[in-house]
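File shown: structure.cif. Contents: mmCIF, C-alpha atoms.
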data_query
loop_
_atom_site.group_PDB
_atom_site.id
_atom_site.type_symbol
_atom_site.label_atom_id
_atom_site.label_comp_id
_atom_site.auth_asym_id
_atom_site.auth_seq_id
_atom_site.Cartn_x
_atom_site.Cartn_y
_atom_site.Cartn_z
ATOM 1 C CA MET A 112 94.386 112.263 82.234
ATOM 2 C CA PHE A 113 97.625 112.029 84.243
ATOM 3 C CA LEU A 114 95.650 111.296 87.421
ATOM 4 C CA LEU A 115 93.685 108.491 85.787
ATOM 5 C CA LEU A 116 96.855 106.871 84.508
ATOM 6 C CA ILE A 117 98.498 107.098 87.917
ATOM 7 C CA LEU A 118 95.444 105.629 89.639
ATOM 8 C CA ASN A 119 95.523 102.667 87.288
ATOM 9 C CA ILE A 120 98.898 101.672 88.707
ATOM 10 C CA LEU A 121 97.208 101.033 92.038
ATOM 11 C CA LEU A 122 94.876 98.473 90.475
ATOM 12 C CA TYR A 123 97.478 95.850 89.544
ATOM 13 C CA ASN A 124 96.348 92.363 90.500
ATOM 14 C CA GLY A 125 99.844 90.955 90.864
ATOM 15 C CA ASP A 126 103.440 91.440 89.843
ATOM 16 C CA SER A 127 105.567 89.143 87.706
ATOM 17 C CA VAL A 128 109.332 88.887 88.133
ATOM 18 C CA LEU A 129 112.127 89.301 85.574
ATOM 19 C CA VAL A 130 115.043 86.921 86.096
ATOM 20 C CA LYS A 131 118.474 87.423 84.538
ATOM 21 C CA THR A 132 119.348 84.436 82.320
ATOM 22 C CA ASN A 133 122.238 85.552 80.086
ATOM 23 C CA GLU A 134 124.570 88.442 79.351
ATOM 24 C CA LEU A 135 127.257 89.427 76.880
ATOM 25 C CA SER A 136 129.918 92.068 77.446
ATOM 26 C CA GLY A 137 132.583 93.647 75.267
ATOM 27 C CA PHE A 138 130.986 96.838 73.930
ATOM 28 C CA LEU A 139 132.811 100.155 74.208
ATOM 29 C CA ASN A 140 129.797 102.471 74.334
ATOM 30 C CA ALA A 141 126.570 100.682 73.458
ATOM 31 C CA VAL A 142 123.764 103.200 73.001
ATOM 32 C CA SER A 143 120.842 101.472 71.270
ATOM 33 C CA ILE A 144 119.315 98.021 70.764
ATOM 34 C CA THR A 145 116.602 96.739 68.428
ATOM 35 C CA SER A 146 115.185 93.524 66.984
ATOM 36 C CA ASP A 147 113.851 92.739 63.524
ATOM 37 C CA GLY A 148 110.874 90.563 64.446
ATOM 38 C CA LYS A 149 112.647 87.573 62.901
ATOM 39 C CA GLY A 150 114.583 86.454 65.970
ATOM 40 C CA LYS A 151 117.637 88.671 65.514
ATOM 41 C CA ILE A 152 118.979 91.439 67.774
ATOM 42 C CA TYR A 153 121.116 94.432 66.778
ATOM 43 C CA VAL A 154 123.289 96.539 69.101
ATOM 44 C CA LEU A 155 124.724 99.913 68.114
ATOM 45 C CA ASP A 156 128.102 100.901 69.606
ATOM 46 C CA ALA A 157 128.725 104.642 69.324
ATOM 47 C CA MET A 158 132.431 104.458 70.179
ATOM 48 C CA SER A 159 133.436 101.692 67.775
ATOM 49 C CA ASN A 160 130.856 102.967 65.251
ATOM 50 C CA GLU A 161 129.702 99.402 64.710
ATOM 51 C CA ILE A 162 126.480 97.440 64.539
ATOM 52 C CA VAL A 163 126.627 93.928 65.967
ATOM 53 C CA LYS A 164 123.951 91.402 64.984
ATOM 54 C CA PHE A 165 123.077 88.500 67.328
ATOM 55 C CA ASP A 166 120.659 85.623 67.536
ATOM 56 C CA GLU A 167 118.391 85.522 70.585
ATOM 57 C CA SER A 168 120.928 83.484 72.565
ATOM 58 C CA LEU A 169 123.374 86.405 72.059
ATOM 59 C CA LYS A 170 125.603 84.495 69.675
ATOM 60 C CA GLU A 171 127.248 86.946 67.311
ATOM 61 C CA ILE A 172 126.238 86.620 63.659
ATOM 62 C CA LYS A 173 127.838 89.647 62.035
ATOM 63 C CA ARG A 174 129.270 93.087 62.708
ATOM 64 C CA SER A 175 129.506 96.025 60.371
ATOM 65 C CA GLY A 176 130.650 99.652 60.354
ATOM 66 C CA LYS A 177 133.552 101.882 61.297
ATOM 67 C CA LYS A 178 134.158 105.572 61.904
ATOM 68 C CA GLY A 179 133.778 107.597 58.749
ATOM 69 C CA TRP A 180 131.558 109.463 56.336
ATOM 70 C CA GLU A 181 131.103 106.955 53.535
ATOM 71 C CA ASN A 182 128.074 104.709 53.087
ATOM 72 C CA GLY A 183 127.870 102.172 55.905
ATOM 73 C CA GLU A 184 130.212 104.210 58.104
ATOM 74 C CA TYR A 185 129.207 106.259 61.156
ATOM 75 C CA ASP A 186 130.324 109.040 63.450
ATOM 76 C CA SER A 187 128.950 108.489 66.974
ATOM 77 C CA PRO A 188 125.535 107.150 65.862
ATOM 78 C CA THR A 189 122.676 107.439 68.349
ATOM 79 C CA CYS A 190 119.934 104.935 67.453
ATOM 80 C CA ILE A 191 119.275 101.714 65.564
ATOM 81 C CA GLU A 192 115.721 100.686 64.651
ATOM 82 C CA GLY A 193 114.423 97.548 62.932
ATOM 83 C CA SER A 194 110.749 97.258 63.804
ATOM 84 C CA SER A 195 109.627 97.130 60.153
ATOM 85 C CA GLY A 196 111.172 93.679 59.873
ATOM 86 C CA LEU A 197 112.437 94.597 56.400
ATOM 87 C CA GLU A 198 115.315 96.980 56.977
ATOM 88 C CA ILE A 199 117.406 98.719 59.611
ATOM 89 C CA HIS A 200 117.549 102.490 60.112
ATOM 90 C CA VAL A 201 120.547 104.054 61.846
ATOM 91 C CA SER A 202 120.492 107.641 63.118
ATOM 92 C CA ASP A 203 123.881 109.164 62.283
ATOM 93 C CA PRO A 204 123.529 112.808 63.392
ATOM 94 C CA MET A 205 127.192 113.830 63.186
ATOM 95 C CA ASN A 206 126.936 113.008 59.487
ATOM 96 C CA PHE A 207 123.517 114.717 59.233
ATOM 97 C CA ARG A 208 121.776 111.582 57.977
ATOM 98 C CA ILE A 209 119.708 108.472 58.549
ATOM 99 C CA GLN A 210 121.194 105.381 56.929
ATOM 100 C CA LYS A 211 119.032 102.529 55.678
ATOM 101 C CA LEU A 212 120.473 98.988 55.686
ATOM 102 C CA ASP A 213 119.105 95.568 54.841
ATOM 103 C CA LEU A 214 118.891 92.884 57.535
ATOM 104 C CA ASN A 215 122.364 91.636 56.559
ATOM 105 C CA LEU A 216 123.687 95.127 57.396
ATOM 106 C CA SER A 217 124.416 96.003 53.777
ATOM 107 C CA TYR A 218 123.931 99.668 52.875
ATOM 108 C CA ILE A 219 120.854 100.642 50.842
ATOM 109 C CA SER A 220 120.419 104.426 50.978
ATOM 110 C CA SER A 221 120.505 107.572 53.127
ATOM 111 C CA ILE A 222 118.276 110.461 54.087
ATOM 112 C CA TYR A 223 120.319 113.658 54.486
ATOM 113 C CA THR A 224 118.085 115.672 56.776
ATOM 114 C CA ASN A 225 119.542 119.035 55.695
ATOM 115 C CA TYR A 226 119.355 118.272 51.964
ATOM 116 C CA GLU A 227 119.374 121.542 50.029
ATOM 117 C CA SER A 228 116.178 120.874 48.071
ATOM 118 C CA PHE A 229 114.075 120.185 51.184
ATOM 119 C CA PRO A 230 111.750 122.948 52.437
ATOM 120 C CA ASP A 231 113.568 125.200 54.910
ATOM 121 C CA ASN A 232 111.030 124.542 57.673
ATOM 122 C CA LEU A 233 111.735 120.792 57.468
ATOM 123 C CA LYS A 234 115.542 120.942 57.325
ATOM 124 C CA TYR A 235 117.709 120.085 60.326
ATOM 125 C CA GLN A 236 121.069 118.442 61.013
ATOM 126 C CA THR A 237 120.720 116.024 63.944
ATOM 127 C CA PRO A 238 118.408 113.007 63.523
ATOM 128 C CA VAL A 239 118.388 111.350 66.967
ATOM 129 C CA SER A 240 116.025 108.359 66.658
ATOM 130 C CA THR A 241 113.665 106.911 64.059
ATOM 131 C CA VAL A 242 110.738 104.560 63.593
ATOM 132 C CA PHE A 243 109.050 103.356 60.394
ATOM 133 C CA ILE A 244 105.275 103.240 59.874
ATOM 134 C CA ASN A 245 104.477 102.639 56.240
ATOM 135 C CA PRO A 246 104.857 104.842 54.208
ATOM 136 C CA TYR A 247 106.681 107.217 56.563
ATOM 137 C CA ILE A 248 109.928 107.348 58.496
ATOM 138 C CA TYR A 249 109.448 109.349 61.713
ATOM 139 C CA SER A 250 112.627 111.025 62.939
ATOM 140 C CA ILE A 251 113.410 113.003 66.082
ATOM 141 C CA ASP A 252 114.860 116.380 65.107
ATOM 142 C CA GLY A 253 117.382 116.980 67.894
ATOM 143 C CA GLU A 254 117.809 120.663 67.085
ATOM 144 C CA ASN A 255 114.149 121.669 67.229
ATOM 145 C CA ASN A 256 112.784 118.975 69.597
ATOM 146 C CA ARG A 257 110.109 117.773 67.200
ATOM 147 C CA ILE A 258 109.282 114.909 64.851
ATOM 148 C CA VAL A 259 109.842 115.202 61.090
ATOM 149 C CA THR A 260 108.409 112.571 58.752
ATOM 150 C CA TYR A 261 109.718 111.368 55.397
ATOM 151 C CA GLN A 262 107.871 109.484 52.693
ATOM 152 C CA TYR A 263 109.541 106.969 50.391
ATOM 153 C CA GLN A 264 109.496 108.033 46.759
ATOM 154 C CA ASN A 265 111.525 104.946 45.801
ATOM 155 C CA GLN A 266 114.369 102.919 47.335
ATOM 156 C CA SER A 267 116.780 105.854 47.247
ATOM 157 C CA MET A 268 114.541 108.939 47.263
ATOM 158 C CA TYR A 269 112.739 110.409 50.265
ATOM 159 C CA GLN A 270 110.725 113.564 50.694
ATOM 160 C CA PRO A 271 109.909 115.298 54.008
ATOM 161 C CA SER A 272 106.158 115.352 54.558
ATOM 162 C CA PHE A 273 105.154 117.001 57.849
ATOM 163 C CA SER A 274 106.363 117.708 61.378
ATOM 164 C CA PHE A 275 104.748 117.754 64.816
ATOM 165 C CA GLY A 276 105.464 118.136 68.513
ATOM 166 C CA GLY A 277 107.734 121.203 68.260
ATOM 167 C CA PHE A 278 107.754 124.408 70.284
ATOM 168 C CA GLN A 279 104.620 125.609 68.488
ATOM 169 C CA SER A 280 102.655 122.563 69.636
ATOM 170 C CA ALA A 281 99.336 123.334 71.295
ATOM 171 C CA GLN A 282 100.241 120.802 73.977
ATOM 172 C CA LYS A 283 103.306 120.885 76.203
ATOM 173 C CA PRO A 284 106.267 121.022 73.789
ATOM 174 C CA MET A 285 108.999 118.438 73.934
ATOM 175 C CA SER A 286 112.257 119.443 75.588
ATOM 176 C CA GLN A 287 114.739 116.626 74.910
ATOM 177 C CA PRO A 288 113.192 113.757 72.932
ATOM 178 C CA VAL A 289 115.596 110.818 72.693
ATOM 179 C CA LYS A 290 113.661 107.748 71.498
ATOM 180 C CA ILE A 291 110.631 107.111 69.304
ATOM 181 C CA VAL A 292 108.718 103.814 68.983
ATOM 182 C CA LYS A 293 105.401 102.567 67.582
ATOM 183 C CA ASP A 294 102.768 100.075 68.732
ATOM 184 C CA GLY A 295 100.618 97.636 66.751
ATOM 185 C CA LEU A 296 97.912 100.275 66.326
ATOM 186 C CA ASN A 297 100.371 102.700 64.683
ATOM 187 C CA ASN A 298 100.432 105.009 67.672
ATOM 188 C CA VAL A 299 103.739 106.839 68.087
ATOM 189 C CA TYR A 300 105.446 107.248 71.470
ATOM 190 C CA ILE A 301 108.290 109.695 72.113
ATOM 191 C CA PHE A 302 110.372 109.508 75.273
ATOM 192 C CA ASP A 303 111.565 112.909 76.504
ATOM 193 C CA SER A 304 114.429 112.333 78.947
ATOM 194 C CA LYS A 305 114.469 115.898 80.280
ATOM 195 C CA LEU A 306 110.741 116.000 81.063
ATOM 196 C CA ASN A 307 110.573 112.323 82.150
ATOM 197 C CA THR A 308 107.542 112.070 79.906
ATOM 198 C CA VAL A 309 106.328 109.782 77.127
ATOM 199 C CA PHE A 310 104.261 111.663 74.537
ATOM 200 C CA LYS A 311 101.675 109.672 72.590
ATOM 201 C CA TYR A 312 100.577 110.704 69.077
ATOM 202 C CA ASP A 313 98.671 109.001 66.312
ATOM 203 C CA ASN A 314 100.510 108.343 63.032
ATOM 204 C CA PHE A 315 99.181 111.610 61.557
ATOM 205 C CA GLY A 316 100.884 113.633 64.288
ATOM 206 C CA SER A 317 97.795 114.361 66.389
ATOM 207 C CA TYR A 318 98.506 114.505 70.111
ATOM 208 C CA LEU A 319 96.688 111.887 72.209
ATOM 209 C CA ASN A 320 98.094 112.017 75.753
ATOM 210 C CA SER A 321 101.235 111.880 77.903
ATOM 211 C CA LEU A 322 102.610 109.501 80.517
ATOM 212 C CA GLU A 323 104.860 110.877 83.260
ATOM 213 C CA SER A 324 107.234 109.348 85.786
ATOM 214 C CA LYS A 325 110.317 110.593 87.604
ATOM 215 C CA TYR A 326 112.351 107.514 86.810
ATOM 216 C CA ILE A 327 111.876 106.618 83.133
ATOM 217 C CA LYS A 328 115.014 105.128 81.569
ATOM 218 C CA SER A 329 113.721 103.967 78.171
ATOM 219 C CA ILE A 330 110.660 102.671 76.325
ATOM 220 C CA SER A 331 109.821 99.755 74.053
ATOM 221 C CA THR A 332 106.695 98.228 72.521
ATOM 222 C CA PHE A 333 105.315 94.784 71.769
ATOM 223 C CA ASN A 334 102.019 94.379 69.910
ATOM 224 C CA ASN A 335 99.594 96.936 71.377
ATOM 225 C CA GLN A 336 101.468 97.554 74.608
ATOM 226 C CA LEU A 337 104.011 100.162 75.616
ATOM 227 C CA TYR A 338 106.656 99.072 78.114
ATOM 228 C CA ILE A 339 108.280 101.747 80.258
ATOM 229 C CA LEU A 340 111.590 100.885 81.922
ATOM 230 C CA THR A 341 112.097 102.730 85.215
ATOM 231 C CA ASP A 342 114.878 102.480 87.780
ATOM 232 C CA SER A 343 113.333 99.408 89.409
ATOM 233 C CA GLU A 344 110.585 97.919 87.216
ATOM 234 C CA ILE A 345 108.876 97.798 83.838
ATOM 235 C CA LEU A 346 105.420 99.358 83.597
ATOM 236 C CA ILE A 347 102.933 98.056 81.021
ATOM 237 C CA TYR A 348 100.565 100.463 79.294
ATOM 238 C CA ASP A 349 97.797 99.072 77.074
ATOM 239 C CA ALA A 350 97.041 101.294 74.077
ATOM 240 C CA ARG A 351 93.520 99.945 73.565
ATOM 241 C CA LYS A 352 92.531 100.490 77.194
ATOM 242 C CA ASN A 353 94.522 103.714 77.517
ATOM 243 C CA ALA A 354 95.611 102.515 80.944
ATOM 244 C CA TYR A 355 98.424 100.864 82.854
ATOM 245 C CA THR A 356 97.630 97.175 83.185
ATOM 246 C CA GLY A 357 100.589 95.731 85.089
ATOM 247 C CA ARG A 358 104.232 95.848 85.994
ATOM 248 C CA TYR A 359 107.232 93.536 86.047
ATOM 249 C CA LEU A 360 109.720 93.646 88.900
ATOM 250 C CA PHE A 361 113.376 92.639 88.684
ATOM 251 C CA ALA A 362 114.468 89.708 90.816
ATOM 252 C CA GLU A 363 117.758 91.551 91.449
ATOM 253 C CA PRO A 364 118.432 95.310 91.496
ATOM 254 C CA ILE A 365 119.478 96.818 88.170
ATOM 255 C CA VAL A 366 122.338 99.319 87.840
ATOM 256 C CA ASN A 367 120.527 102.513 86.860
ATOM 257 C CA GLU A 368 123.606 104.566 86.030
ATOM 258 C CA LYS A 369 124.637 102.077 83.351
ATOM 259 C CA LEU A 370 121.282 101.621 81.593
ATOM 260 C CA ARG A 371 121.195 102.859 77.999
ATOM 261 C CA ASP A 372 118.226 101.178 76.324
ATOM 262 C CA PHE A 373 116.022 98.090 76.285
ATOM 263 C CA ILE A 374 113.734 96.049 74.029
ATOM 264 C CA VAL A 375 110.822 93.712 74.527
ATOM 265 C CA PHE A 376 111.793 90.730 72.374
ATOM 266 C CA SER A 377 108.683 88.669 73.130
ATOM 267 C CA SER A 378 105.968 88.521 75.759
ATOM 268 C CA THR A 379 108.402 86.717 78.073
ATOM 269 C CA LYS A 380 111.883 87.829 76.978
ATOM 270 C CA PHE A 381 113.538 91.217 77.487
ATOM 271 C CA TYR A 382 117.002 92.640 76.800
ATOM 272 C CA LEU A 383 118.517 95.515 78.789
ATOM 273 C CA LEU A 384 121.451 97.406 77.324
ATOM 274 C CA GLU A 385 124.245 98.851 79.446
ATOM 275 C CA LYS A 386 127.289 100.758 78.228
ATOM 276 C CA THR A 387 129.445 97.643 77.891
ATOM 277 C CA LYS A 388 126.989 94.727 77.849
ATOM 278 C CA VAL A 389 123.537 93.405 76.956
ATOM 279 C CA ILE A 390 121.565 91.394 79.525
ATOM 280 C CA GLU A 391 118.768 88.908 78.846
ATOM 281 C CA TYR A 392 115.801 88.578 81.214
ATOM 282 C CA ILE A 393 113.019 86.017 81.233
ATOM 283 C CA LEU A 394 109.603 86.634 82.774
ATOM 284 C CA LYS A 395 108.776 84.153 85.547
#
Since I need it in another form, could you write the structure as structure tokens?
Amino acid sequence: MFLLLILNILLYNGDSVLVKTNELSGFLNAVSITSDGKGKIYVLDAMSNEIVKFDESLKEIKRSGKKGWENGEYDSPTCIEGSSGLEIHVSDPMNFRIQKLDLNLSYISSIYTNYESFPDNLKYQTPVSTVFINPYIYSIDGENNRIVTYQYQNQSMYQPSFSFGGFQSAQKPMSQPVKIVKDGLNNVYIFDSKLNTVFKYDNFGSYLNSLESKYIKSISTFNNQLYILTDSEILIYDARKNAYTGRYLFAEPIVNEKLRDFIVFSSTKFYLLEKTKVIEYILK
């Protein structure tokens, strides 16, 4: 499978170029970026413990959060995720929880991943990254290098359902999963930064395949395509074809050491996140 995916890279018919068109600086330690599918962008700053909401021209709309343990407060959060288009989920592992916010950044509820009534085999303390596929929240368990799912009981109640991808996996187990995303077909992709691998599962936790590269920095999705950011380009993987179908090059070199995350905002617009700034690129 790996060989077939690698060979597909050689079949590209042409490369498009990403051109830098805008940037905004001022973050202390930006770690994660997401969009809500409604034209808004959210950046998570782990040092200021804030979420900053922008429009697509990077004009600030609102900011929320501070260091703490109360609702709507954070302690070095690791991931923000808004792909449902209905709410925002923030991974807050130092507080052993995932916080759920509305799109105006108002607090709704929390999942405490070590809640005493949960089954022992599904308890853990460090949720690293999440994605929502109705009716489940999929969370990376940073202690056990696996995915644990939660099902909504109501707006404030969640119950763990099942886990997958841990050390007992029949396939190669994950070593350091750091980001989880979904595509339009409800496939789940997990980026493992230690193995430089993207694991692909269906939404029931069944392993499908893996994509490997030495230089993966982050992943994002748009419709039925997975986008893989490397140190010099973005690779496009089509879920329906199970193959790489293209790549986008950067018109100017990117600073690899500063890259933290990225999102595909539309078929022609991309945002790269560095420690102190977010950069907009347009496909030419």
Selection result for the PyMOL selection byres ((chain A and resi 258-265) around 6) on this file, as number ranges by chain:
A: 246-252, 257, 266-275
Convert the output of the PyMOL selection byres ((chain A and resi 285) around 8) on the shown file into explicit residues, formatted as an NGL selection string.
:A and (256-257 or 276-278 or 283-284 or 286-288 or 303 or 306)
Any chance you could resolve the PyMOL selection byres ((chain A and resi 372-382) around 7) against this file and give the residues as a ChimeraX atom specification?
/A:142-146,329,331-333,370-371,383-384,389-394
Contact residues around A:Lys386 with only C-alpha atoms at 6 Å, ignoring same-chain residues under 5 positions, as number ranges by chain:
A: 140-141, 369
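The coordinates place atom CA of A:Ser168 at 12.8 Å from atom CA of A:Lys131.
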Atom CA of A:Ile209 and atom CA of A:Gln236, how far apart in Å?
10.4 Å
May I have the residues within 8 Å of A:Val292 as a list in words, using all atoms listed in the file and disregarding those fewer than 6 positions away in the same chain?
Thr241, Val242, Val299, Tyr300, Ile301, Ile330, Ser331 and Thr332 of chain A
Would you compute the box with edges along x, y and z of the file around stretch 181-192 of chain A, including every atom the file lists for it and 6 Å extra on each side, and give its centre and edge lengths in Å to one decimal, as AutoDock Vina command-line options?
--center_x 123.4 --center_y 104.9 --center_z 60.7 --size_x 27.4 --size_y 20.4 --size_z 27.3
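Checking A:Lys178, A:Arg208, A:Lys170, A:Lys395 one by one against A:Ser220, counting all atoms listed in the file, you find the shortest gap at A:Arg208.
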Do a neighbour search on stretch 189-197 of chain A at 9 Å with only C-alpha atoms, toss out local chain neighbours closer than 2 positions, and write the hits as a VMD selection string.
chain A and resid 142 to 149 153 to 157 162 187 199 to 204 213 to 214 238 to 245 289 to 290 292 to 293
Convert the current residue selection to file output with C-alpha atoms, as a tab-separated table (two decimals), keeping the file's coordinate frame.
chain	number	residue	atom	x	y	z
A	142	VAL	CA	123.76	103.20	73.00
A	143	SER	CA	120.84	101.47	71.27
A	144	ILE	CA	119.32	98.02	70.76
A	145	THR	CA	116.60	96.74	68.43
A	146	SER	CA	115.18	93.52	66.98
A	147	ASP	CA	113.85	92.74	63.52
A	148	GLY	CA	110.87	90.56	64.45
A	149	LYS	CA	112.65	87.57	62.90
A	153	TYR	CA	121.12	94.43	66.78
A	154	VAL	CA	123.29	96.54	69.10
A	155	LEU	CA	124.72	99.91	68.11
A	156	ASP	CA	128.10	100.90	69.61
A	157	ALA	CA	128.72	104.64	69.32
A	162	ILE	CA	126.48	97.44	64.54
A	187	SER	CA	128.95	108.49	66.97
A	199	ILE	CA	117.41	98.72	59.61
A	200	HIS	CA	117.55	102.49	60.11
A	201	VAL	CA	120.55	104.05	61.85
A	202	SER	CA	120.49	107.64	63.12
A	203	ASP	CA	123.88	109.16	62.28
A	204	PRO	CA	123.53	112.81	63.39
A	213	ASP	CA	119.10	95.57	54.84
A	214	LEU	CA	118.89	92.88	57.54
A	238	PRO	CA	118.41	113.01	63.52
A	239	VAL	CA	118.39	111.35	66.97
A	240	SER	CA	116.02	108.36	66.66
A	241	THR	CA	113.66	106.91	64.06
A	242	VAL	CA	110.74	104.56	63.59
A	243	PHE	CA	109.05	103.36	60.39
A	244	ILE	CA	105.28	103.24	59.87
A	245	ASN	CA	104.48	102.64	56.24
A	289	VAL	CA	115.60	110.82	72.69
A	290	LYS	CA	113.66	107.75	71.50
A	292	VAL	CA	108.72	103.81	68.98
A	293	LYS	CA	105.40	102.57	67.58
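Using all atoms listed in the file, the nearest neighbour of A:Tyr218 within the list A:Ser175, A:Ser127, A:Gln279, A:Asn335 is A:Ser175.
With atom CA of A:Glu254 on one side and atom CA of A:Phe302 on the other, the separation reads 15.7 Å.
Proximity ranking of A:Gly179, A:Gly253, A:Val130, A:Ser136 relative to A:Pro364 places A:Val130 first, based on all atoms listed in the file.
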Taking all atoms listed in the file into account, which of A:Thr132, A:Asn232, A:Asn314, A:Thr341 comes nearest A:Glu167?
A:Thr132
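With distances taken over all atoms listed in the file, A:Asp126 is the one residue among A:Tyr235, A:Leu212, A:Asn307, A:Asp126 lying closest to A:Leu346.
Proximity of A:Ser159, A:Ile339, A:Asn367, A:Phe229 to A:Tyr355, computed with only C-alpha atoms, is greatest for A:Ile339.
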Near-stretch 343-345 of chain A list (9 Å; all atoms listed in the file; drop same-chain fewer than 4 positions) as number ranges by chain:
A: 129, 326, 338-339, 357-361, 364-365, 367
